[in-house]
Amino acid sequence: MITIDEETEYIPLLSHDEEEDLKKVNIPDVLPILPLRNTVLFPGVVIPITVGRDKSLKLVQEVYKKSKILGAVAQKDGTIENPELDDLFKIGTVAQILKILEMPDGSTSVIIQGRKRFMMNDLLTEKPYHMARITPMEDEEDEPAGEAKAVAAALKDLAIKIIKLSSNIPTEATFAVKNIESPSFLINFLASNSELSLKQKQELLETNSVSKRGFTLLESLSNEVQMLELKNDIQTKVKSDLDQQQREFLLHQQMKTIQDELGGSPQDQDVIDFREKGKKKKWSKEVAAAFEKELDKLLRLNPATGEYSVQVNYIQTLVELPWNEYTKDNFNLKRASRILDKDHFGLEKVKDRILEHLAVLKLKGDLKSPILCLVGPPGVGKTSLGKSIAEALNRKYVRMSLGGLHDEAEIRGHRKTYIGAMPGRVVQNLKKVKSSNPVFVLDEIDKVGRGAQGNPESALLEVLDPEQNSTFHDNFLELDYDLSKVMFIATANTTAGINPALLDRMEIIDLSGYIVEEKIQIAKRHLIPDQIDKHGLTRKQFSISPSVLEQIIEGYTRESGVRQLDKQIAKLVRVMARHIAFEESYDKKLSRKMATEILGPPRFIRDKYDGNRHAGVVTGLAWTATGGEILFVETSLSQGEGKLTLTGNLGDVMKESAVLALEYLKSHASKFSIDPAIFKKYNVHVHVPEGAIPKDGPSAGVAMMTSITSAFTQRKVRESCAMTGEITLRGKVLPVGGIKEKILAAKRAGITDIAISLENRKDVEEINDIYRKELNFKYVNEISGLMDFVLLPDLVDQPMKIS
């Protein structure tokens with residue numbers, strides 16, 4: 001193989017006399033032919049070549065020992081290892097071997113100098129190397145000498161300009177070009193060292209006219225000068241436009257190269273890690289394709305840009321999400337029932353619903369998870385129930401508080417185009433628990449806010465719709481995620497503030513408050529053991545009797561749940577812990593007296609029935625956010641003109657109930673043996689005590705009706721009787737809500753009889769027997785029936801004379 005040795009730096013000079021000597025060399029008719037790859041040898045030019053073929057090596061060695069003359073001919077195709085006659089150009093250059101060098105790597109380099117052009121007529125033999133019959137070629141001698149000199153001068157100027165413009169040519173080459181006297185050799189020298197292609201160089205060699213050869217070379221060099229000038233102009237402009245970011249990019253590229261030398265850059269390692277994690281994911285083909293696309297995009301980004309960190313964050317989220325990864329449900333129904341009963345007392349509806357879901361799952365094997373909404377007062381165990389359900393199902397547990405949430409992006413996520421963008425909290429929590437079927441508690445769903453950033457309730461519509469959440473779209477992911485296997489459990493204190501469309505998607509389960517007996521059981525089973533463990537005590541160091549617990553419940557808490565009761569128990573346990581720490585003697589069994597000393601005087605006086613001694617005083621039942629309460633409605637009459645006065649911080653609906661009750665009594669006065677004229681002689685004042693507390697709602701209608709009627713008739717109200725219900729102008733008693741809470745309030749106050757609308761019978765019958773124990777319910781459909789039950793024929797002890 002023969003190639004140019006690019007690293008050899010050889011600057012030849014040739015005078016006229018030396019050129020004439022080259023022409024006078026004795027050239028035989030038959031020459032050994034040395035095929036050249038990728039280069040053309042011109043007369044007078046000295047070039048180094050590397051000899052690789054065995055044939056060529058033998059030829060060089062034999063010729064060097066003899067005449068040192070050979071024929072150098074360029075190959076048409078440099079890839080051919082054993083060229084034949086047709087593979088070689090016809091015209092070549094007679095060459096003289098100046099020196100043979102044995103290189104350290106074992107290769108052989110030969111320095112040859114062109115002598116004269118020749119034409120190869122035919123190939124005589126191919127072994128041991130090529131031998132050919134040749135005819136020497138002469139340059140045309142009838143050319144004007146002045147023209148050749150002018151062309152040579154122009155070529156010198158262009159060559160010197162190229163040397164100055166090019167950064168790859170040593171400046172010493174200028175000296176060589178200036179000192180060449182012969183026009184033909186100058187042309188040959190420049191042609192040999194130019195950027196011309198092999199074909200162009202061969203065409204120059206085959207041209208007999210020195211002037212034509214010079215003009216052709218002049219055209220090529222002019223093009224090269226223009227290209228170099230344009231290149232330098234572009235480089236100058238780019239250099240002047242290079243800003244800080246581009247400089248940083250170049251520095252980072254250099255740093256990357258250094259890091260690659262040291263064992264790879266952190267960015268490449270990140271990509272490798274992401275690919276390894278991606279291979280282990282159970283995602284669909286669509287997600288896998290999106291992952292590969294985003295990973296390829298990451299490879300093209302500059303780590304110094306802000307977009308790079310956004311892209312890394314996105315890919316990291318993709319690989320950390322539990323795509324199609326589910327925990328296995330435990331279908332041991334008895335175990336699930338045991339766990340639910342162990343952690344929570346009561347709450348039968350919720351427990352039954354969870355066990356039903358498990359039963360269907362066990363039989364069918366696949367079922368969309370229910371979306372439950374637990375509605376009830378604070379402290380009844382709505383949130384903690386979610387954790388017990390997760391344990392019973394053997395699923396992961398997630399809790400997300402929605403209280404005060406006012407940005408839709410908290411649910412759906414932000415667009416990933418923003419720096420600092422992240423997925424919504426639904427996706428974030430799934431990533432945290434590494435499971436796509438956890439028990440997901442949406443706490444305080446009734447307290448979701450609404451702001452300028454959108455309505456989160458609207459975003460929750462997709463999350464909580466079993467028909468849509470299998471393709472939940474998070475703005476950050478930009479991919480559909482399956483939420484259909486997630487068991488969503490929402491909690492709320494009331495359904496009043498929940499969007500109707502959202503409410504329609506959930507299965508509502510009402511959780512009412514606990515009665516005293518239930519609270520005592522909860523304290524004994526859960527609250528007291530928990531506080532003892534938290535404060536480092538043992539069961540033997542502290543005990544409390546049911547009677548003392550009842551004292552604490554009635555005197556220091558007023559709630560439907562047990563949150564305040566837990567705080568009071570914690571305070572008692574802390575005092576015991578202090579006695580133990582100080583090694584003081586104390587009574588391990590807490591007495592009523594000790595409880596009062598520690599907690600102080602009772603803060604609440606239990607709502608108690610106030611008797612039926614006074615006309616116009618009636619016990620009603622009310623619902624509040626903290627549970628049910630009893631309230632008293634008082635009516636008094638005074639001489640006047642029939643004016644109605646309402647006090648007690650009443651709302652519009654409650655005021656209307658009072659007006660309605662009085663108007664009904666006026667229109668049906670004869671039924672109650674009342675003289676219609678009396679209504680114009682007396683002013684009516686209706687008051688509901690605890691005026692600092694706002695009150696409203698229609699359920700006090702029957703209590704107001706009974707109170708006003710009792711005041712005008714001076715008849716006694718049935719003893720230990722309370723009532724609730726809405727009234728109409730036609731005399732109907734309509735159903736109301738919050739029945740269980742109201743019944744609990746009545747039971748706490750010592751009520752034995754409750755008058756209620758006939759349509760509320762179904763609500764009463766749904767309540768556990770333990771709550772209805774020792775209570776007598778009177779179902780009424782009309783006001784007349786209500787009055788027959790609640791108003792006794794007897795007059796009060798000191799009746800007012802009304803006439």
# chains A, B, ... in the order shown; residues from 1 in each chain; ligands from 1
$ select_by_dssp --residues "segment 204-434 of chain A" --states "alpha helix (DSSP H)" --output "MDAnalysis selection string"
chainID A and resid 204:206 210:241 244:262 266:279 285:300 306:320 333:343 348:364 382:393 409:412 425:433
$ residues_around --residues "Gly106 of chain A" --least-positions-apart "5" --cutoff "12 Å" --atoms "only C-alpha atoms" --output "JSON, numbers by chain"
{"A": [50, 51, 52, 101]}
$ atom_distance --atom1 "atom CA of Ser484 of chain A" --atom2 "atom CA of Ile339 of chain A"
24.9 Å
$ atom_distance --atom1 "atom CA of Leu791 of chain A" --atom2 "atom CA of Val717 of chain A"
4.7 Å
$ residues_around --residues "segment 500-503 of chain A" --least-positions-apart "3" --cutoff "9 Å" --atoms "only C-alpha atoms" --output "list in words"
Cys373, Glu457, Ser458, Leu460, Leu461, Leu464, Asp465, Thr495, Gly497, Met506, Glu507 and Ile508 of chain A
$ select_by_dssp --residues "segment 18-214 of chain A" --states "strand (DSSP E or B)" --output "PyMOL selection string"
chain A and resi 30-36+43+46-51+69-75+88+91-102+108-125+131-136
$ closest_atom_pairs --of "segment 45-98 of chain A" --to "segment 127-143 of chain A" --cutoff "8 Å" --atoms "only C-alpha atoms" --output "JSON lines"
{"residue": "A:Lys55", "atom": "CA", "partner": "A:Tyr129", "partner_atom": "CA", "distance": 5.3}
{"residue": "A:Ser56", "atom": "CA", "partner": "A:Tyr129", "partner_atom": "CA", "distance": 6.9}
{"residue": "A:Lys58", "atom": "CA", "partner": "A:Tyr129", "partner_atom": "CA", "distance": 7.7}
{"residue": "A:Leu59", "atom": "CA", "partner": "A:Tyr129", "partner_atom": "CA", "distance": 6.4}
$ closest_residue --among "A:Gln226, A:Gln428, A:Asn26, A:Gln235" --to "Leu318 of chain A" --atoms "only C-alpha atoms"
A:Gln428
$ residues_around --residues "segment 637-641 of chain A" --least-positions-apart "4" --cutoff "6 Å" --atoms "only C-alpha atoms" --output "ChimeraX atom specification"
/A:680-684
